[in-house]
Each structure stands twice: as C-alpha cells, then as structure tokens.
file coords-v7.txt (compact mmCIF, C-alpha atoms)
# COMPACT_ATOMS: atom_id res chain seq x y z
CA MET O 1 102.22 89.00 133.19
CA GLY O 2 104.94 91.21 131.71
CA ARG O 3 108.61 90.66 131.21
CA PHE O 4 111.34 92.21 133.33
CA LEU O 5 112.09 95.80 132.31
CA SER O 6 115.71 95.72 133.47
CA PRO O 7 118.40 93.03 133.38
CA ASP O 8 117.70 90.37 135.95
CA TRP O 9 120.07 89.84 138.89
CA SER O 10 122.48 86.98 138.82
CA THR O 11 125.77 86.18 140.51
CA LYS O 12 127.64 86.27 137.25
CA GLU O 13 126.84 87.64 133.88
CA GLU O 14 125.05 85.25 131.66
CA PRO O 15 123.54 85.88 128.25
CA VAL O 16 120.26 84.58 129.62
CA PRO O 17 120.28 84.39 133.44
CA TYR O 18 119.02 81.11 134.92
CA ALA O 19 118.84 79.58 131.51
CA GLN O 20 118.87 75.84 131.30
CA MET O 21 119.69 74.82 127.81
CA ASP O 22 117.86 71.54 128.23
CA ASP O 23 114.69 73.38 129.15
CA PRO O 24 113.46 75.59 126.32
CA GLN O 25 110.93 77.25 128.62
CA SER O 26 113.83 78.73 130.63
CA LEU O 27 114.84 80.70 127.53
CA ASN O 28 111.47 82.33 127.12
CA LEU O 29 111.82 85.81 128.61
CA TYR O 30 108.11 86.36 128.48
CA ALA O 31 107.16 83.24 130.38
CA TYR O 32 106.50 83.21 134.12
CA VAL O 33 107.78 80.22 136.13
CA ARG O 34 108.40 78.13 133.03
CA ASN O 35 104.83 78.73 131.89
CA ASN O 36 103.51 76.68 134.80
CA PRO O 37 101.98 79.28 137.11
CA LEU O 38 99.50 76.86 138.63
CA SER O 39 102.15 74.82 140.38
CA LYS O 40 105.09 77.22 140.66
CA ALA O 41 105.65 80.70 142.06
CA ASP O 42 108.37 83.29 141.72
CA ALA O 43 107.95 85.91 144.41
CA ASP O 44 110.94 88.12 143.62
CA GLY O 45 111.81 87.36 140.04
CA HIS O 46 114.78 85.18 140.92
CA CYS O 47 112.84 81.99 140.53
CA PRO O 48 114.02 79.98 143.56
CA TRP O 49 110.90 77.87 143.38
CA CYS O 50 111.82 76.95 139.86
CA LEU O 51 115.24 76.00 141.20
CA ALA O 52 113.64 73.96 143.97
CA ALA O 53 111.51 72.20 141.42
CA ALA O 54 114.54 71.60 139.29
CA GLY O 55 116.36 70.24 142.36
CA GLY O 56 113.60 67.77 142.89
CA ALA O 57 113.99 66.67 139.33
CA ILE O 58 117.75 66.35 139.83
CA LEU O 59 117.18 64.17 142.88
CA THR O 60 114.93 61.94 140.85
CA ASP O 61 117.54 61.74 138.12
CA GLU O 62 120.24 60.91 140.67
CA ALA O 63 118.33 58.11 142.38
CA PRO O 64 120.19 55.43 140.38
CA LEU O 65 123.45 56.77 141.87
CA ALA O 66 122.49 55.24 145.19
CA LEU O 67 123.16 51.91 143.62
CA THR O 68 126.82 52.90 143.16
CA GLY O 69 127.51 53.03 146.91
CA PRO O 70 128.74 55.77 149.32
CA VAL O 71 129.78 58.17 146.56
CA GLY O 72 126.31 58.09 145.07
CA TRP O 73 124.68 58.67 148.43
CA THR O 74 126.99 61.65 149.05
CA ILE O 75 125.99 63.26 145.76
CA ILE O 76 122.32 62.75 146.54
CA GLY O 77 122.78 64.17 150.05
CA VAL O 78 124.51 67.33 148.85
CA THR O 79 121.80 67.88 146.27
CA ALA O 80 119.07 67.33 148.85
CA VAL O 81 120.61 69.93 151.19
CA GLY O 82 120.61 72.43 148.36
CA VAL O 83 116.99 71.73 147.50
CA VAL O 84 115.89 72.10 151.13
CA GLY O 85 117.80 75.38 151.40
CA VAL O 86 116.10 76.81 148.36
CA ALA O 87 112.73 75.66 149.66
CA ILE O 88 113.37 77.39 153.01
CA TYR O 89 114.34 80.55 151.19
CA GLN O 90 111.12 80.44 149.21
CA HIS O 91 109.13 79.83 152.40
CA MET O 92 110.71 82.91 153.97
CA GLN O 93 109.78 84.90 150.89
CA ASN O 94 106.22 83.72 151.24
CA ASP O 95 106.12 84.86 154.89
CA ALA O 96 106.30 88.47 153.77
CA PRO O 97 103.05 90.29 154.59
CA ALA O 98 100.51 89.99 151.85
CA PRO O 99 99.20 93.21 150.36
CA ALA O 100 95.90 94.33 151.81
CA PRO O 101 93.02 93.04 149.73
CA THR O 102 90.97 95.55 147.87
CA PRO O 103 87.35 95.81 148.99
CA ALA O 104 86.23 94.19 145.77
CA ALA O 105 88.47 91.21 146.46
CA THR O 106 87.21 90.66 150.01
CA PRO O 107 85.11 87.51 150.03
CA ALA O 108 81.54 87.95 151.10
CA PRO O 109 80.74 86.36 154.46
CA ALA O 110 78.74 83.18 154.54
CA ALA O 111 75.50 84.84 155.28
CA THR O 112 72.53 82.86 154.23
CA HIS O 113 71.03 80.21 156.38
CA ASN O 114 70.84 77.63 153.67
CA ASP O 115 74.28 77.75 152.15
CA VAL O 116 76.36 76.73 155.15
CA PRO O 117 77.02 73.02 155.59
CA ALA O 118 76.06 71.54 158.92
CA PRO O 119 79.07 71.21 161.21
CA ALA O 120 79.65 67.84 162.81
CA ASP O 121 78.63 69.30 166.15
CA THR O 122 75.78 71.63 165.45
CA GLY O 123 75.78 72.71 169.06
CA ASN O 124 79.35 73.87 169.02
CA PRO O 125 79.38 77.59 169.83
CA HIS O 126 83.03 77.71 168.82
CA ALA O 127 82.40 76.90 165.20
CA PRO O 128 85.09 77.98 162.74
CA GLY O 129 84.88 81.50 161.49
CA ASP O 130 84.41 84.87 163.03
CA VAL O 131 82.03 87.79 163.28
CA PRO O 132 84.08 90.70 161.90
CA ASN O 133 83.75 94.09 163.53
CA ASP O 134 81.98 95.55 160.50
CA GLN O 135 79.51 92.67 160.31
CA VAL O 136 75.90 93.52 161.14
CA VAL O 137 74.40 91.57 164.03
CA VAL O 138 70.67 91.73 164.69
CA ARG O 139 68.60 90.68 167.66
CA GLY O 140 65.12 89.61 166.60
CA GLY O 141 61.96 91.07 168.08
CA THR O 142 61.19 94.15 170.11
CA ASN O 143 62.06 92.90 173.58
CA PRO O 144 65.43 94.06 174.91
CA PRO O 145 68.18 91.44 174.69
CA PRO O 146 68.42 89.31 177.84
CA SER O 147 70.27 91.17 180.57
CA SER O 148 72.51 88.21 181.37
CA GLY O 149 73.81 84.99 179.94
CA THR O 150 74.34 84.13 176.30
CA TRP O 151 71.62 84.72 173.76
CA SER O 152 70.98 84.42 170.06
CA GLY O 153 71.34 86.78 167.13
CA ALA O 154 72.08 86.63 163.44
CA GLN O 155 74.86 88.13 161.37
CA GLY O 156 75.07 89.42 157.82
CA ALA O 157 76.76 92.04 155.67
CA THR O 158 73.69 94.28 155.90
CA ILE O 159 70.64 94.54 158.14
CA GLY O 160 68.61 92.96 155.39
CA GLU O 161 70.99 90.06 155.07
CA ALA O 162 71.28 89.55 158.82
CA GLY O 163 67.50 89.81 159.00
CA LYS O 164 67.22 86.62 156.97
CA GLY O 165 68.75 84.75 159.90
CA VAL O 166 65.94 85.61 162.32
CA PRO O 167 62.22 84.82 162.08
CA ASN O 168 61.10 88.14 163.56
CA GLY O 169 59.41 91.01 161.74
CA GLN O 170 61.33 93.50 163.88
CA VAL O 171 65.06 93.53 164.45
CA GLN O 172 67.43 95.46 166.68
CA PRO O 173 70.66 96.11 164.78
CA SER O 174 74.25 96.37 165.92
CA THR O 175 77.65 95.32 164.62
CA GLY O 176 80.33 92.98 165.85
CA GLY O 177 82.55 95.96 166.64
CA GLN O 178 79.84 97.82 168.55
CA ILE O 179 79.09 94.75 170.66
CA ARG O 180 82.76 94.35 171.52
CA ALA O 181 83.15 98.05 172.21
CA ALA O 182 80.27 97.75 174.66
CA GLY O 183 82.10 94.97 176.48
CA GLY O 184 80.27 92.07 174.89
CA GLU O 185 81.28 89.03 172.89
CA VAL O 186 79.80 87.65 169.70
CA ARG O 187 80.72 84.37 168.06
CA PRO O 188 79.38 82.27 165.20
CA ALA O 189 77.18 79.45 166.46
CA PRO O 190 75.48 77.62 163.60
CA GLU O 191 72.33 75.92 164.85
CA PRO O 192 69.31 74.25 163.31
CA PRO O 193 66.11 76.23 163.94
CA TYR O 194 63.99 73.07 164.28
CA PRO O 195 64.53 69.31 164.21
CA GLY O 196 65.94 68.17 160.90
CA ALA O 197 66.23 71.71 159.53
CA PRO O 198 69.21 73.02 157.58
CA VAL O 199 71.65 74.68 159.93
CA ASN O 200 71.18 78.41 160.30
CA GLY O 201 74.73 79.49 159.55
CA GLN O 202 73.94 83.09 160.43
CA HIS O 203 73.17 82.23 164.03
CA VAL O 204 75.53 83.85 166.52
CA SER O 205 75.91 83.66 170.28
CA VAL O 206 76.09 87.02 172.02
CA THR O 207 77.18 87.62 175.59
CA GLY O 208 76.82 91.09 177.04
CA GLY O 209 76.99 94.24 174.94
CA GLN O 210 73.22 94.82 175.20
CA SER O 211 73.67 98.60 174.96
CA ALA O 212 75.14 98.22 171.48
CA PHE O 213 71.78 97.28 169.98
CA GLY O 214 69.64 100.01 168.50
CA PRO O 215 65.88 100.38 168.71
CA PRO O 216 63.73 97.93 166.76
CA VAL O 217 63.27 98.53 163.06
CA THR O 218 61.24 96.64 160.53
CA ASN O 219 63.14 93.61 159.30
CA PRO O 220 64.04 94.46 155.70
CA ALA O 221 64.09 90.77 154.84
CA PRO O 222 60.65 89.69 153.65
CA LYS O 223 59.18 86.83 155.65
CA PRO O 224 59.61 84.20 152.92
CA ASP O 225 63.34 84.95 152.94
CA ARG O 226 63.73 84.56 156.71
CA VAL O 227 64.79 81.45 158.53
CA VAL O 228 62.01 78.88 158.88
CA THR O 229 61.47 77.87 162.50
CA ARG O 230 59.21 74.86 162.38
CA PRO O 231 58.80 71.76 160.26
CA GLN O 232 56.80 72.30 157.11
CA ASN O 233 53.88 69.87 156.86
CA MET D 1 66.81 69.44 194.54
CA ALA D 2 68.43 69.78 191.13
CA GLN D 3 68.42 66.72 188.91
CA MET D 4 70.55 67.42 185.87
CA ILE D 5 69.37 65.14 183.10
CA PRO D 6 70.98 64.83 179.66
CA PHE D 7 68.83 65.84 176.72
CA LYS D 8 68.94 66.12 172.94
CA TYR D 9 67.72 69.17 171.13
CA GLY D 10 66.61 69.91 167.61
CA GLY D 11 66.35 73.67 167.38
CA PHE D 12 68.01 76.53 169.17
CA TRP D 13 67.26 80.19 169.76
CA ASP D 14 68.49 81.60 173.07
CA VAL D 15 67.74 78.17 174.48
CA PRO D 16 66.92 74.79 172.98
CA ARG D 17 63.43 75.04 171.49
CA TYR D 18 62.79 71.34 170.83
CA ILE D 19 64.04 69.07 173.59
CA VAL D 20 63.69 65.33 174.16
CA LEU D 21 64.77 63.56 177.32
CA ASN D 22 64.17 60.45 179.36
CA TYR D 23 63.01 61.30 182.87
CA ARG D 24 61.18 59.25 185.47
CA ASP D 25 60.79 56.40 183.01
CA ARG D 26 59.14 58.64 180.47
CA PHE D 27 60.22 60.02 177.15
CA LEU D 28 59.32 63.69 177.16
CA LEU D 29 59.34 66.41 174.54
CA LEU D 30 59.50 70.09 175.45
CA ARG D 31 58.61 72.49 172.67
CA SER D 32 58.65 76.27 172.42
CA GLU D 33 57.98 77.41 168.87
CA PHE D 34 58.14 80.79 167.23
CA ASP D 35 54.80 82.57 167.40
CA ASP D 36 54.20 84.63 164.27
CA GLU D 37 51.51 86.77 165.95
CA LEU D 38 53.68 87.61 168.94
CA ASP D 39 56.75 87.94 166.71
CA GLU D 40 58.58 86.11 169.50
CA TYR D 41 59.20 82.58 170.65
CA GLU D 42 56.60 81.17 172.99
CA ALA D 43 57.37 81.96 176.61
CA ASN D 44 56.39 78.45 177.71
CA TYR D 45 57.51 74.99 176.86
CA THR D 46 54.62 72.72 176.01
CA VAL D 47 55.44 69.32 177.46
CA PHE D 48 54.44 66.09 175.73
CA VAL D 49 54.83 62.44 176.69
CA LEU D 50 56.11 60.36 173.81
CA PRO D 51 55.35 56.69 173.22
CA GLU D 52 57.95 54.26 174.50
CA SER D 53 58.52 53.05 170.96
CA VAL D 54 60.55 56.17 170.21
CA GLY D 55 62.94 55.50 173.07
CA ASP D 56 65.91 54.44 170.95
CA LEU D 57 65.45 57.40 168.62
CA VAL D 58 65.24 59.80 171.55
CA ARG D 59 68.42 58.42 173.05
CA GLU D 60 70.19 58.88 169.72
CA GLY D 61 68.83 62.37 169.19
CA ASN D 62 67.12 61.11 166.04
CA TRP D 63 64.08 63.26 165.29
CA GLU D 64 62.53 61.06 162.63
CA PHE D 65 59.64 60.36 164.97
CA TYR D 66 58.61 64.00 165.18
CA ASN D 67 55.17 64.65 163.73
CA LYS D 68 54.84 60.93 163.05
CA VAL D 69 53.89 59.53 166.45
CA PRO D 70 51.08 60.47 168.84
CA MET D 71 52.25 62.91 171.53
CA THR D 72 50.26 63.43 174.72
CA GLU D 73 50.35 66.98 176.03
CA ILE D 74 50.63 67.12 179.80
CA GLY D 75 51.01 70.86 180.38
CA GLN D 76 53.33 73.82 180.10
CA ILE D 77 56.26 75.25 182.03
CA PRO D 78 57.78 78.71 181.61
CA VAL D 79 60.94 78.67 179.55
CA HIS D 80 62.71 80.91 182.04
CA THR D 81 62.21 78.41 184.87
CA VAL D 82 64.23 75.70 183.14
CA VAL D 83 67.81 75.59 184.35
CA PHE D 84 70.32 74.40 181.78
CA ASP D 85 73.98 73.55 181.90
CA GLN D 86 76.32 76.43 181.15
CA ARG D 87 76.26 75.83 177.39
CA LYS D 88 72.52 75.20 177.46
CA ARG D 89 72.97 72.30 175.12
CA THR D 90 73.48 69.07 177.06
CA GLU D 91 71.71 68.93 180.44
CA LEU D 92 68.77 70.50 182.22
CA ASP D 93 67.37 70.38 185.72
CA ALA D 94 64.37 68.14 185.23
CA SER D 95 62.93 68.82 188.67
CA CYS D 96 60.83 71.55 186.99
CA LEU D 97 58.91 68.71 185.34
CA ASP D 98 58.05 66.90 188.56
CA ASP D 99 54.74 68.64 189.17
CA LEU D 100 53.53 68.02 185.63
CA ILE D 101 54.48 64.35 185.74
CA THR D 102 52.92 63.87 189.16
CA LYS D 103 49.65 65.45 187.99
CA CYS D 104 49.79 63.27 184.89
CA GLU D 105 50.19 60.14 187.01
CA ALA D 106 47.39 61.20 189.36
CA ALA D 107 45.04 61.72 186.44
CA ARG D 108 45.43 58.10 185.34
call {"tool": "encode", "arguments": {"input": "coords-v7.txt", "output": "structure tokens"}}
result
Amino acid sequence: MGRFLSPDWSTKEEPVPYAQMDDPQSLNLYAYVRNNPLSKADADGHCPWCLAAAGGAILTDEAPLALTGPVGWTIIGVTAVGVVGVAIYQHMQNDAPAPAPTPAATPAPAATHNDVPAPADTGNPHAPGDVPNDQVVVRGGTNPPPSSGTWSGAQGATIGEAGKGVPNGQVQPSTGGQIRAAGGEVRPAPEPPYPGAPVNGQHVSVTGGQSAFGPPVTNPAPKPDRVVTRPQN
Amino acid sequence: MAQMIPFKYGGFWDVPRYIVLNYRDRFLLLRSEFDDELDEYEANYTVFVLPESVGDLVREGNWEFYNKVPMTEIGQIPVHTVVFDQRKRTELDASCLDDLITKCEAAR
C-alpha cells in the first residue's frame, strides 16, 4: 500500500489532514486506515470509516455524560447523528460497482462430489448456487436425454471435471449457456447417489435444452474418480 | 386408480433410485442401480419386501437397515411406469405395485 502522491483533500488546510494528535497512527502518512486494514476500510482516501470508528469511540467516551441529564443526552445525540451520517456515506461508497475480477481471481466452482457439504434438504432442487453459462454440463451415457420432464446431469469446469459427477463411461457434453440458449433450464441439485452416500454436489437438474448436448464422447474422468453409485461392501 | 403414497429415497439420478415406502401394510424397497456393463441405470426397479422390524427406520427415511436385514425380492417393474409427484421426490403412484403384491400374497 503506497502513500498519497498529492496533497490529500480537506476542507481547510492542515499541516497533516485528518490528524488526531492523540492518535499517533493518524500522523503516519504511510499507514492505511490507522494500520488496521482488517477491520477498517478507506475507499476514497478520505477515511470516513476511520471517522466513523472514531465517532463510535467518542460515543463510548461520552456515555458518562448521560448521567448529567438533558445536556449530556443532547451531546450524545448530536454525536450519534454524525456517526450514522458518516456510516451512510461509507455505505454509499461501498455500493459503487466492484471492478471485474481477473480470471485468476475467479474462484473455482465447487466441482467435486466429495467436497460439498450435504444440504439440510438433499432433495431440494433449488439449492444455493448456480450453473454459470460457461460451466460444462454433461449427460451420462449414450442414450439421448429424456425428451420431457426434468433429468439429471453433472457440472464442472471441464468435461473431465464434470465427468467425475456421473458414473458413465460415456458423456454427452454441453454448457449452461448452450442449454439456456436452446430453451432449457439447468440448476444445481445436490443429491446422494445411494443411501448414506456423500452428496454429489455436481448433480444438476436439467429441463429441456436437449439439442444443446453433443454426441457421446469417452468420459475423460477415470472410473475410480467418478461418483460411486452403490454402497461399498 | 392413482394412489399417491409418500416415500423416502436414498439416491437420485433422473428419478429416485432407492425408494422405501409403506404400502398395503408392507414395507417395500424399490431399487434401480447403475449397471456398469450397460453403462446406464437399470431400466427396472427390483422390488423387495422388508421385514416389519425396519418400519420405524423406513418412516424416518433412515437407511441404516440397508444391507443389514433380509430383503425378499418379489419382482420388477419398469422405471418408466412409475408415476411420481412433480418433483419426483416425495410421492409416487403405488398402484403400479398392486400386481406384484397380489402375486406375492397368492404365492403364500
């Protein structure tokens, strides 16, 4: 984190803007949010969050004033209004659109069948999450997907990864976007493959969009890596 | 005539693949497993009668009994003939089991 390269804005000239002489960290021009970046933020360099935090501290300091009667309560009230205002300002700053993440920063989808915790309702087809348009969706086997109703598939970042979510040696690949473009729907639907099994977090429910699936190809996922479908004796 | 009966399931691919239900005073298990040779799930449910002792577990959807109690096979029904509720996860039309149960009773 670098220091400001030009004089910081302030309503009036100060030798060190926003300095608080009782807080040595406020004098450190190289420090970000009083050297406490884990609990404070400063979106625009004007440090309102620091002010909000300071306001909270002021309120705490002023609490004994309440014991002095209406005057004390008035002082506390005025301070509280100021703190809330600063907090609202900071909230508005935080509503600004976030920069688009770089591809390297995009988190990998939960894609393996054994690393997704079982939801409370394992039969809930509206489980949290999504199947992004660029996510691979495979239909297992060589038979065409059912012509009607909702049916099963598996998702993953690649065909090989999605292939781990099906037991079949052949898979018919598509993507979330291709299914939707073909008029279909695809949603995450974690399900156990057999009684007592870990939930297959790659399982998806597909409705329509049959034409989006390509011809069968060999499942790149080796059989030991694929979802297990029956209890192991 | 349709008789929608609640069931519990313990595995799902297109449809529930392991189903337990209480129908006509019997605890039944319907099973359609993945067939490695076919590279597909079995097209039929194999139907088993479970001992009455597993009744409470079946009602709770507790599968601890599976592979631990004797199961009596009474026949098979095609998976595609079983009519489920819209979500295919809570009820099925058990009338498809009537013939199997009747034959089972007649054989006694």
call {"tool": "interface_residues", "arguments": {"input": "coords-v7.txt", "of": "chain D", "to": "chain O", "cutoff": "6 Å", "atoms": "only C-alpha atoms", "output": "list in words"}}
result
Gly10, Gly11, Phe12, Trp13, Asp14 and Asp39 of chain D
call {"tool": "residues_around", "arguments": {"input": "coords-v7.txt", "residues": "D:Cys96", "least_positions_apart": "2", "cutoff": "8 Å", "atoms": "all atoms listed in the file", "output": "PyMOL selection string"}}
result
chain D and resi 77+81-82+93-94+98-99
call {"tool": "residues_near_point", "arguments": {"input": "coords-v7.txt", "point": "(59.4, 69.3, 176.5)", "cutoff": "12 Å", "atoms": "all atoms listed in the file", "output": "number ranges by chain"}}
result
D: 7-10, 16-23, 26-33, 44-50, 71-79, 82, 92, 94, 96-97, 100-101
call {"tool": "atom_distance", "arguments": {"input": "coords-v7.txt", "atom1": "atom CA of O:Arg187", "atom2": "atom CA of D:Gly61"}}
result
25.0 Å
call {"tool": "atom_distance", "arguments": {"input": "coords-v7.txt", "atom1": "atom CA of O:Ala212", "atom2": "atom CA of O:Pro224"}}
result
28.0 Å
call {"tool": "atom_distance", "arguments": {"input": "coords-v7.txt", "atom1": "atom CA of O:Ile159", "atom2": "atom CA of D:Glu40"}}
result
18.6 Å
